[in-house]
Structures are given as structure tokens and as C-alpha cells.
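Below you'll find the structure, written out as C-alpha cells, and then a few comments.
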Amino acid sequence: MRHFNKNALLMTVLLPLMAQALPFEPTTDPAASTTKWYQIKTGTHYMYSNHASWDDVYPSTTASTDDYYLWCFVGTASTGYTIYNRGARAYINGLFVSGSSGDNDLSYVEMASGNNFYIYYNDRLGQVTQKMYIYYDSDNNCFSGTNGKVDTFTSIEVAIEPPTPPTELPYETLTATDYHVPHNVLSNTGVEGYAKLIDQNKSTKWCVVNNSGAWETIWLEFESDGWFIPDGYVFTTGNDTKSVPYRNPKEWVIYGKTFEDDQWTELAHVTDGAGLGSENTTDYSFDITGASVGYRYFRFEVRQINGKDTGDNNYTFQLAELQFTGTKVDEPNILPYESLTATGYNIPHNTMSNTGVEGYAKLIDQNKSTKWCVVNNSGAWETIWLEFESDGWFIPDGYVFTTGNDTKSVPNRNPKEWVIYGKTFEDDQWTELAHVTDGAGLGSENTTDYSFDITGASVGYRYFRFEVRQINGKNTGDNTYTFQLAELQFTGTKVDEPTPTPGDVTGDGQVDIADVNAVINMMLGKASPTAAGDVTGDNSVDIADVNAVINIMLGKTPPSGGDPTAQSLTATGYNIPHNGIDNEGNEGYAKLVDGNKSTKWCVENKSGAWETIWVDLKSSVPFKPTSYIMTTGNDTHSFYTRNPKNWKIYGRNSESESWTELAHVTDGTGLGTANTTDYTFEFNGVTKAYQYYRFEVIEIGGKYRWDSNNYVFQLAELTLLGVAAQ
């Protein structure tokens with residue numbers, strides 16, 4: 001039996017301009033929701049892509065609406081048509097194949113007279129190369145002949161929506177938003193304009209000709225239609241790069257930012273063109289390492305190209321495509337600015353209204369045209385402070401001061417020494433987050449933002465104090481001291497409400513003698529009892545809480561039972577209906593927890609519908625689960641439908657107990673499609689230790705694409721992390 005190459009996935013059909021109607025409706029974008037998809041029937045056989053190996057096209061005597069039987073036609077009658085397969089996603093992978101010798105399915109095209117053409121294909125059943133002759137009659141009907149035999153050629157429109165792309169992006173859709181192209185003698189918006197770089201069409205290109213006598217940096221800014229964590233990018237060279245390799249970029253930088261108002265973050269910088277070749281219309285892939293948050297806005301900056309044009313003083317740059325790969329994420333919780341509410345203040349000797357048009361609340365109203373202004377007429381500056389809270393918890397990583405509308409004239413009003421404090425819960429002690437003593441970094445321009453870092457914060461805070469200990473100087477001509485700022489805003493990462501650390505009564509991140517004293521003061525009535533002071537959780541603050549804090553201090557009781565670690569598990573039982581694979585073999589259920597990512601648990605259900613499966617697991621000791629890790633299989637990127645989509649994890653402490661549900665994911669959120677990759681999920685609200693666990697797969701990503709009755713599930717590893725019971 002012969003095997004065919006990947007040229008079969010995509011064919012280019014060159015047609016003359018036709019006056020008559022086509023048997024199909026062409027499209028310009030295979031990913032569009034309005035694209036028409038067709039079955040192609042030649043005689044008694046339907047053409048489909050065999051995605052078992054992702055590179056063959058076979059005939060089938062059975063019609064199907066499976067994606068691998070569906071094709072669309074891209075192009076125009078004057079430029080020709082490219083046929084894309086929907087199931088193989090050739091249009092997203094960006095494959096481009098030229099014609100071959102005629103011994104492969106759908107291999108190449110030969111022109112006939114008038115509106116007619118041939119498509120060479122291989123009759124796999126008989127292994128005889130056939131020539132399908134397509135022609136039109138006077139009524140625009142389409143027919144074919146196979147080596148002289150007339151067969152009906154049928155294009156059947158299939159009215160179904162395009163497939164939902166996997167979470168892991170093959171390529172991300174981008175839109176150009178701005179550019180900088182000095183001394184370009186070509187049209188910036190024409191057939192080789194900047195937008196062609198990201199149109200996902202390799203037959204177009206972005207071309208810039210600089211005739212100034214020296215190359216000048218150009219850049220293009222663009223945005224995605226959503227956020228994603230980039231892990232790489234692909235350059236596609238132009239259609240004549242082999243002849244003019246000096247047009248390739250040599251030094252370039254790629255930047256990203258999460259929100260439009262953010263500062264640019266450098267994602268990649270190449271200085272020597274390494275990895276970029278000079279073949280025509282060829283993809284060259286590059287990694288982006290270290291990105292951990294979602295980005296939506298990007299800049300591609302070309303600082304240098306390979307050289308100038310031959311024979312003149314022009315410098316020409318070109319690329320056909322720039323495309324990103326990565327993993328889609330929801331809109332990140334990284335705060336552009338956090339909403340704050342003032343809760344208290346200390347403003348001695350202020351001659352202005354504390355609550356008026358320049359009162360304390362103006363500092364955090366997110367309105368730069370207002371300001372907080374304090375005039376102290378005591379003859380010396382006295383410390384002022386403002387307390388405020390967020391509407392949720394976040395880990396602060398920085399803050400921004402906005403100067404007042406007349407700061408340039410009165411820079412003495414700027415703060416010179418200030419402290420910012422935070423606390424997680426209202427009853428906690430204040431933790432110093434930032435302390436500046438010399439005003440460094442704060443300029444004197446009007447209504448201008450100045451950013452400062454907060455380093456070392458690792459827990460979520462909700463309550464804050466901004467304390468101004470000193471300003472730049474007194475007012476000219478009198479004995480008053482005036483402070484002003486238009487805005488104080490925080491940046492950071494939102495988190496859920498933190499769980500208080502047992503024993504850390506003061507909330508300073510450590511358990512020490514201050515916590516003992518805090519509990520004693522609560523017992524003696526010198527301070528109001530708080531939830532943090534009730535270390536033992538018996539709804540009272542007493543000597544037992546003092547002893548509990550001391551034991552934590554002395555290391556006799558870990559503050560949280562210790563750090564979560566991966567727990568050793570043994571598979572003890574399963575329920576796997578209609579599995580076509582050996583349950584206890586090389587891909588059996590025990591491989592899910594064998595600690596080896598190169599093996600996997602794989603289940604093939606041939607019943608025509610997925611049925612819930614489960615595996616029971618046992619730990620050597622009870623532990624309180626905190627999180628779990630799913631590791632995808634070694635070929636998940638090609639077979640992403642094998643991932644679980646709807647799953648549950650249960651726990652119990654004896655085989656006679658009923659199961660308690662610990663986690664339930666219904667939409668596969670957070671599980672990507674990269675091969676042999678860890679994806680972490682949290683157990684939220686689990687406070688009890690368990691020794692027995694059940695992992696239940698209720699639904700998977702989809703059916704086994706080339707057999708409508710098969711559903712295949714796989715995972716390489718399931719790792720449970722937790723704290724062993726004391």
C-alpha cells in the first residue's frame with residue numbers, strides 16, 4: 001500500500017478567468033464564520049484528509065460531515081484557487097505546497113481548453129494515477145471524466161459553523177494600530193503596506209524602501225483580539241528573498257503590553273539575524289521565553305537590515321508574515337489601576353477643607369484634573385497620612401504619583417519623604433511597603449505620572465496608609481507649608497481573599513513575640529479580640545491561644561502544617577467502559593500516577609458516545625490537598641480532543657465513606673494543548689485531609705476525528721499536592 005505526502009493537504013488550482021459560474025463559492029478567509037465548506041465527490045468516492053498521519057488525502061465511499069471531509073476554496077478566478085482542508089487546519093498552519101509529479105492525491109493541475117482543467121489524483125483503492133477532467137456545460141453544471149469515463153463531480157455545501165480553535169493558538173489574529181516608517185518611497189497602506197505583515201497571507205508582504213542613504217528604525221504596532229501568553233513567533237520571508245537576502249531584518253525587537261496604557265515590555269531582541277534564513281516564502285520560528293502574563297498589544301521594531309540594495313543608495317526591508325504562537329488566557333487580573341476608598345486621615349493644622357474640592361478623597365478619585373492639597377500654617381511641616389482600602393485583595397508591585405496642575409511653578413509642594421504601608425486584614429498591624437526619603441524619582445512637571453516600584457510583597461493587601469513625613473519646602477513669602485498631589489494609584493495582581501496564617505496575629509508575615517503580646521492584650525481587654533487572635537479557632541481569645549502562638553514560634557507546630565508537596569499515589573481501581581486499549585498495559589490506568597511523564601493513561605471508547613470513566617487512588621498517608629497538576633500526553637498538540645473537558649476529583653478517608661467532591665471543572669479552562677506540559681489547578685476551600693481520591697472524567701474535548709464512533713482520552717500524569725496530616 002502506498003503512502004502519500006503532505007502536499008495532499010492543500011492544493012493550488014490555477015484557473016483562467018471564467019465568465020461562467022463556479023461550482024463553489026470562494027472565500028478570502030478560511031477562518032471566517034461565513035466561509036462555505038464543501039464535500040468533494042469524484043465518481044463514487046469522497047475525498048478526505050487522513051489525519052492519522054496528518055499528511056494524506058484518501059477516497060471514501062461514505063459521505064460525512066466530519067471536518068476532514070470538508071474543503072473550502074480561497075482566491076479569485078484571475079489569481080487561482082487554493083483548496084484548504086478544514087479538519088487538518090491547513091489554513092491555520094500556513095502550509096503552502098507547489099505541484100508535484102502527479103503520483104499523489106490531488107497533486108497538481110493541468111490546464112485544458114476554455115473553462116476546463118484537470119486535477120491529477122491517485123485512486124488509492126486501485127493505486128492507479130487518475131486524471132480528473134473538470135468541465136462546464138452550457139448550464140454551468142460541473143462534470144468530470146476519469147481516464148475517459150464520465151463521472152459526476154459534486155460539490156456539496158455543508159451548512160455548519162467553522163471549528164472552534166484550540167486554546168493553544170496556532171496563530172493569533174492581529175490588527176495593525178500604528179506605525180513609524182521614515183523615508184519610505186512605497187505606499188504604507190498599499191499592496192505592500194504595513195498591514196500585509198499580519199494578514200496571514202504568505203503571498204503578500206510588507207516592504208519598506210528607505211532612500212535616505214542609511215537605514216532608519218521602523219516599527220509596527222498591532223493588537224490581538226484577546227489576551228494570550230506568547231511562547232514564540234514565526235517570520236515568513238518574502239517571495240523573492242533568495243535573490244535579495246539583504247532585505248531580511250538583522251536586528252529586531254518585539255515588545256508587548258497587557259493593557260494599552262502600560263509601558264512596553266521587551267519580549268525578544270535579536271541582534272545578528274540568527275535563525276532567519278534566506279529562502280523564499282519560508283517560515284522561521286523563534287522562541288519567546290519568560291512570558292508569564294497575557295499580552296494583547298505588541299510592537300515589532302526593525303533596527304537594522306542585512307544591507308543596502310545593489311547599485312543604489314536604497315535600503316529595502318521585507319517580510320511576508322509575522323505570526324505569534326501562545327496560549328489564550330482571560331483578561332488578566334493585573335491591575336491597570338486599583339479602585340480605592342478613603343477610610344481615615346490625620347491632617348493637623350490644615351487651613352483648607354479636608355473634604356472639599358481639594359480634600360483628601362481627591363488623591364484617589366482617578367481624576368488627574370483634581371488634587372489633594374494641604375496647607376499647614378503652624379510654622380513647621382507636620383506628618384499627614386491618609387488611609388484607604390481596595391475593593392479586593394491584590395499583591396502590589398508599584399504605585400504612581402501624578403503631580404498637580406501647577407507643580408512646575410510650586411515644586412516645593414511635592415512630597416520629599418513618604419512611606420506606604422499595607423495590611424491584609426483590617427485588624428492586622430501595618431507592614432511597610434515603600435519608604436522614600438529624598439524624593440528621588442519624583443519630578444516637577446505639571447500633571448505628570450511618576451512610577452515607583454514596590455518590591456518584596458508576596459501576599460495580598462487590601463488596606464493602605466500613605467504617610468507624608470516631609471515636603472520639599474515652605475511657601476515663598478510666608479510661614480506656611482503646602483503639600484499637593486493629583487493622584488496616587490497602585491499597580492499589582494489581584495488575588496482571592498488570603499487565608500490568615502495561624503499565629504500571625506499582627507499580620508506582619510511572621511510569628512514572633514509581638515503576636516504573643518497581641519493575644520495577651522486582647523485577653524486583658526487592652527485590645528479588642530479579633531479573628532486573628534483566636535489562633536485555636538474555639539471562638540475565644542484565651543491562654544490556649546498564647547500557648548498556640550508560642551508553639552508555632554518554637555517550631556513545635558508548623559504555622560500551616562508545612563509547605564505543600566507532591567504526594568505519592570497508587571492506583572487501586574477503575575471504571576472504564578468500552579475501552580479498546582488494555583487497561584493494565586503500557587497505556588493503562590496505573591500510568592496516570594507512575595511519576596513518569598513519558599508514559600500516559602489512554603482510553604479508547606468505541607461505543608459512539610463518551611462514557612464517564614474514573615480511577616481510584618490511595619495515598620500512603622492522609623493529606624490536605626492544595627492543588628493538582630495535569631500533564632498532557634506526548635502528542636496532545638495533534639490530538640487535543642483527547643484532553644479531559646469536564647472532570648471531578650473526590651476524597652474520602654475510608655473505603656466505607658461516601659465520596660466528598662473536592663474539585664469540579666466543567667469547561668476545561670486552564671488545560672492547554674501543548675505536548676507533555678504541566679497545567680496547575682487549585683483546590684479551593686478544602687480544609688480536611690483525605691487518604692483516598694477518585695479522578696472522574698465526565699467529558700473529553702471531542703470525538704476521535706477520523707472515526708465518528710471513537711472517543712479517545714489521554715493524560716500523562718495526575719499529581720496531587722498537599723500537606724500531610726500531623
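By convention in this document, the chains of the C-alpha cells carry letters A, B, ... by their order, each chain's residues are numbered from 1, and ligands are numbered from 1 in the order they are shown.
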
Once you count only C-alpha atoms, what closest atom pair and distance in Å to one decimal does each residue of region 228-252 of chain A within 9 Å of region 205-221 of chain A have, with rows by chain and rising residue number, as a tab-separated table?
residue	atom	partner	partner_atom	distance
A:Thr236	CA	A:Lys205	CA	9.0
A:Thr237	CA	A:Lys205	CA	8.3
A:Gly238	CA	A:Lys205	CA	6.2
A:Asn239	CA	A:Lys205	CA	8.1
A:Arg247	CA	A:Cys207	CA	8.8

Restricted to N, CA and C atoms, what would the selected residues look like written as a compact mmCIF listing (two decimals), in the first residue's frame?
# COMPACT_ATOMS: atom_id res chain seq x y z
N THR A 236 7.86 34.81 8.12
CA THR A 236 7.81 34.22 6.79
C THR A 236 8.51 35.17 5.83
N THR A 237 9.52 34.68 5.15
CA THR A 237 10.27 35.53 4.23
C THR A 237 9.45 35.84 2.99
N GLY A 238 9.89 36.87 2.26
CA GLY A 238 9.18 37.30 1.07
C GLY A 238 9.35 36.35 -0.10
N ASN A 239 8.59 36.62 -1.17
CA ASN A 239 8.55 35.71 -2.30
C ASN A 239 9.81 35.74 -3.16
N ARG A 247 17.36 42.12 2.28
CA ARG A 247 16.12 42.77 2.75
C ARG A 247 15.62 42.20 4.09

Polymer residues at most 10 Å from Asp272 (chain A), only C-alpha atoms, same-chain spacing of 2 or more positions, as a PDB file with N, CA and C atoms, in the first residue's frame:
ATOM      1  N   PRO A 249      15.383  41.395   8.027  1.00  0.00           N
ATOM      2  CA  PRO A 249      15.839  42.120   9.215  1.00  0.00           C
ATOM      3  C   PRO A 249      17.049  41.427   9.823  1.00  0.00           C
ATOM      4  N   LYS A 250      17.948  42.219  10.373  1.00  0.00           N
ATOM      5  CA  LYS A 250      19.131  41.678  11.042  1.00  0.00           C
ATOM      6  C   LYS A 250      19.044  41.895  12.556  1.00  0.00           C
ATOM      7  N   GLU A 251      18.549  43.077  12.938  1.00  0.00           N
ATOM      8  CA  GLU A 251      18.309  43.339  14.358  1.00  0.00           C
ATOM      9  C   GLU A 251      16.870  43.778  14.534  1.00  0.00           C
ATOM     10  N   TRP A 252      16.189  43.094  15.441  1.00  0.00           N
ATOM     11  CA  TRP A 252      14.792  43.462  15.696  1.00  0.00           C
ATOM     12  C   TRP A 252      14.454  43.237  17.167  1.00  0.00           C
ATOM     13  N   HIS A 269      14.694  40.099  21.567  1.00  0.00           N
ATOM     14  CA  HIS A 269      15.637  41.015  20.931  1.00  0.00           C
ATOM     15  C   HIS A 269      16.718  40.178  20.244  1.00  0.00           C
ATOM     16  N   VAL A 270      16.772  40.260  18.922  1.00  0.00           N
ATOM     17  CA  VAL A 270      17.780  39.546  18.131  1.00  0.00           C
ATOM     18  C   VAL A 270      18.662  40.588  17.469  1.00  0.00           C
ATOM     19  N   ALA A 274      20.247  35.807  13.676  1.00  0.00           N
ATOM     20  CA  ALA A 274      20.418  34.370  13.855  1.00  0.00           C
ATOM     21  C   ALA A 274      19.083  33.646  13.751  1.00  0.00           C
ATOM     22  N   GLY A 275      19.084  32.575  12.964  1.00  0.00           N
ATOM     23  CA  GLY A 275      17.886  31.753  12.819  1.00  0.00           C
ATOM     24  C   GLY A 275      16.992  32.146  11.675  1.00  0.00           C
ATOM     25  N   LEU A 276      17.271  33.277  11.032  1.00  0.00           N
ATOM     26  CA  LEU A 276      16.436  33.716   9.912  1.00  0.00           C
ATOM     27  C   LEU A 276      17.173  33.438   8.609  1.00  0.00           C
ATOM     28  N   GLN A 304      17.749  47.220  12.195  1.00  0.00           N
ATOM     29  CA  GLN A 304      18.796  47.079  11.197  1.00  0.00           C
ATOM     30  C   GLN A 304      18.412  45.963  10.231  1.00  0.00           C
ATOM     31  N   ILE A 305      18.769  46.138   8.945  1.00  0.00           N
ATOM     32  CA  ILE A 305      18.559  45.079   7.961  1.00  0.00           C
ATOM     33  C   ILE A 305      19.921  44.585   7.490  1.00  0.00           C
ATOM     34  N   ASN A 306      19.914  43.588   6.582  1.00  0.00           N
ATOM     35  CA  ASN A 306      21.171  42.938   6.211  1.00  0.00           C
ATOM     36  C   ASN A 306      22.080  43.800   5.334  1.00  0.00           C
TER      37      ASN A 306
END

**Study point:** Shell around Ser444 (chain A) at 6 Å using only C-alpha atoms, local window under 5 positions removed, as number ranges by chain
**Key:** A: 407-408, 411

Practice item. Could you pull out the residues in region 570-689 of chain A that DSSP calls strand (DSSP E or B) from the backbone, as number ranges by chain? Key: A: 570-575, 579, 601-605, 613-631, 644-652, 660-665, 678-682

**Study point:** Those in region 438-652 of chain A with helix (DSSP H, G or I) from DSSP, as a ChimeraX atom specification
**Key:** /A:513-523,543-553,589-593,640-642

Please produce an output containing C-alpha atoms for each residue in the selection, written as a compact mmCIF listing (two decimals), in the first residue's frame.
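Wrote it out as part25.txt, contents follow:
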# COMPACT_ATOMS: atom_id res chain seq x y z
CA ILE A 513 6.77 37.73 70.47
CA ALA A 514 4.68 40.60 69.06
CA ASP A 515 1.93 38.08 68.36
CA VAL A 516 2.11 36.72 71.91
CA ASN A 517 1.78 40.26 73.28
CA ALA A 518 -1.12 40.97 70.91
CA VAL A 519 -3.05 37.95 72.21
CA ILE A 520 -2.30 38.88 75.85
CA ASN A 521 -3.55 42.43 75.24
CA MET A 522 -6.77 41.02 73.80
CA MET A 523 -7.17 38.75 76.83
CA ILE A 543 -4.38 31.32 77.28
CA ALA A 544 -4.74 28.45 74.81
CA ASP A 545 -4.11 30.96 72.02
CA VAL A 546 -1.00 32.26 73.79
CA ASN A 547 0.33 28.70 74.05
CA ALA A 548 -0.52 28.04 70.40
CA VAL A 549 1.48 31.08 69.26
CA ILE A 550 4.44 30.05 71.42
CA ASN A 551 4.40 26.51 69.98
CA ILE A 552 4.41 27.91 66.46
CA MET A 553 7.31 30.23 67.38
CA TYR A 589 -4.76 3.42 34.29
CA ALA A 590 -1.72 2.94 36.58
CA LYS A 591 0.37 5.10 34.21
CA LEU A 592 -1.59 8.16 35.38
CA VAL A 593 0.28 8.21 38.71
CA TYR A 640 -6.08 17.99 21.61
CA THR A 641 -9.58 16.48 21.65
CA ARG A 642 -8.17 13.76 23.92

Where does region 416-533 of chain A meet region 349-373 of chain A within 12 Å, residue by residue, with the nearest atom pair and distance in Å to one decimal for each, counting only C-alpha atoms, listed by chain and rising number, as JSON lines?
{"residue": "A:Asn446", "atom": "CA", "partner": "A:Lys368", "partner_atom": "CA", "distance": 10.3}
{"residue": "A:Thr447", "atom": "CA", "partner": "A:Lys368", "partner_atom": "CA", "distance": 6.8}
{"residue": "A:Thr448", "atom": "CA", "partner": "A:Lys368", "partner_atom": "CA", "distance": 8.9}
{"residue": "A:Asp449", "atom": "CA", "partner": "A:Lys368", "partner_atom": "CA", "distance": 9.5}
{"residue": "A:Phe464", "atom": "CA", "partner": "A:Ile364", "partner_atom": "CA", "distance": 11.9}
{"residue": "A:Phe466", "atom": "CA", "partner": "A:Leu363", "partner_atom": "CA", "distance": 10.4}
{"residue": "A:Thr480", "atom": "CA", "partner": "A:Thr351", "partner_atom": "CA", "distance": 9.8}
{"residue": "A:Tyr481", "atom": "CA", "partner": "A:Asn350", "partner_atom": "CA", "distance": 9.7}
{"residue": "A:Thr482", "atom": "CA", "partner": "A:Cys373", "partner_atom": "CA", "distance": 7.1}
{"residue": "A:Phe483", "atom": "CA", "partner": "A:Cys373", "partner_atom": "CA", "distance": 5.6}
{"residue": "A:Gln484", "atom": "CA", "partner": "A:Cys373", "partner_atom": "CA", "distance": 4.4}
{"residue": "A:Leu485", "atom": "CA", "partner": "A:Lys371", "partner_atom": "CA", "distance": 5.5}
{"residue": "A:Ala486", "atom": "CA", "partner": "A:Lys371", "partner_atom": "CA", "distance": 3.8}
{"residue": "A:Glu487", "atom": "CA", "partner": "A:Leu363", "partner_atom": "CA", "distance": 4.6}
{"residue": "A:Leu488", "atom": "CA", "partner": "A:Ile364", "partner_atom": "CA", "distance": 5.8}
{"residue": "A:Gln489", "atom": "CA", "partner": "A:Ile364", "partner_atom": "CA", "distance": 6.8}
{"residue": "A:Phe490", "atom": "CA", "partner": "A:Ile364", "partner_atom": "CA", "distance": 9.8}

Keeping only N, CA and C atoms, write those residues as a compact mmCIF listing (two decimals), in the first residue's frame.
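Now in selection04.txt:
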# COMPACT_ATOMS: atom_id res chain seq x y z
N ASN A 446 4.02 69.52 35.47
CA ASN A 446 2.59 69.57 35.79
C ASN A 446 1.88 68.29 35.34
N THR A 447 0.98 67.80 36.18
CA THR A 447 0.07 66.70 35.83
C THR A 447 0.80 65.59 35.08
N THR A 448 1.87 65.09 35.69
CA THR A 448 2.72 64.08 35.07
C THR A 448 2.82 62.87 35.99
N ASP A 449 2.80 61.67 35.38
CA ASP A 449 2.90 60.43 36.14
C ASP A 449 4.36 60.09 36.42
N PHE A 464 -4.45 50.27 53.20
CA PHE A 464 -3.23 51.01 52.93
C PHE A 464 -3.19 52.33 53.71
N PHE A 466 -0.91 56.05 53.32
CA PHE A 466 0.09 56.88 52.66
C PHE A 466 0.44 58.00 53.62
N THR A 480 3.90 79.24 55.75
CA THR A 480 3.06 78.06 55.54
C THR A 480 3.80 77.02 54.71
N TYR A 481 3.35 75.78 54.89
CA TYR A 481 3.88 74.65 54.13
C TYR A 481 2.72 73.99 53.41
N THR A 482 2.85 73.88 52.11
CA THR A 482 1.74 73.34 51.31
C THR A 482 2.18 72.06 50.60
N PHE A 483 1.36 71.04 50.74
CA PHE A 483 1.57 69.76 50.04
C PHE A 483 0.47 69.59 49.00
N GLN A 484 0.83 68.98 47.87
CA GLN A 484 -0.19 68.63 46.88
C GLN A 484 0.26 67.45 46.02
N LEU A 485 -0.72 66.64 45.62
CA LEU A 485 -0.57 65.59 44.60
C LEU A 485 -1.93 65.42 43.94
N ALA A 486 -1.92 65.16 42.65
CA ALA A 486 -3.19 64.94 41.96
C ALA A 486 -3.71 63.53 42.17
N GLU A 487 -2.81 62.52 42.09
CA GLU A 487 -3.26 61.13 42.18
C GLU A 487 -2.20 60.25 42.81
N LEU A 488 -2.68 59.23 43.53
CA LEU A 488 -1.89 58.09 43.95
C LEU A 488 -2.63 56.85 43.49
N GLN A 489 -1.97 56.03 42.67
CA GLN A 489 -2.61 54.82 42.16
C GLN A 489 -1.65 53.65 42.25
N PHE A 490 -2.22 52.46 42.44
CA PHE A 490 -1.42 51.25 42.61
C PHE A 490 -1.51 50.36 41.38

Name all residues at most 12 Å from Thr189 (chain A) (count only C-alpha atoms; drop same-chain ones fewer than 4 positions away) and give them as a PDB file with C-alpha atoms, in the first residue's frame.
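Written output follows (part.pdb):
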ATOM      1  CA  ALA A 176      -2.313  46.962  12.952  1.00  0.00           C
ATOM      2  CA  ASP A 178       0.132  52.382  14.364  1.00  0.00           C
ATOM      3  CA  TYR A 179       3.462  52.524  12.538  1.00  0.00           C
ATOM      4  CA  VAL A 181       8.216  54.269   8.611  1.00  0.00           C
ATOM      5  CA  ASN A 184       9.569  55.091   2.725  1.00  0.00           C
ATOM      6  CA  VAL A 185       9.109  55.583  -1.026  1.00  0.00           C
ATOM      7  CA  GLY A 193       1.949  48.247   3.146  1.00  0.00           C
ATOM      8  CA  TYR A 194       2.409  47.549   6.849  1.00  0.00           C
ATOM      9  CA  ALA A 195      -0.901  45.675   7.267  1.00  0.00           C
ATOM     10  CA  LYS A 196       0.350  42.901   4.962  1.00  0.00           C
ATOM     11  CA  LEU A 197       2.785  41.763   7.646  1.00  0.00           C
ATOM     12  CA  LYS A 205       4.449  41.118   2.142  1.00  0.00           C
ATOM     13  CA  TRP A 206       5.376  44.312   3.973  1.00  0.00           C
ATOM     14  CA  CYS A 207       8.057  46.144   2.032  1.00  0.00           C
ATOM     15  CA  VAL A 208       9.797  49.399   3.000  1.00  0.00           C
TER      16      VAL A 208
END

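Compared by their closest atoms to Val329 (chain A), and using only C-alpha atoms, the residues A:Tyr345, A:Trp264, A:Phe298, A:Phe228 rank with A:Phe228 nearest.
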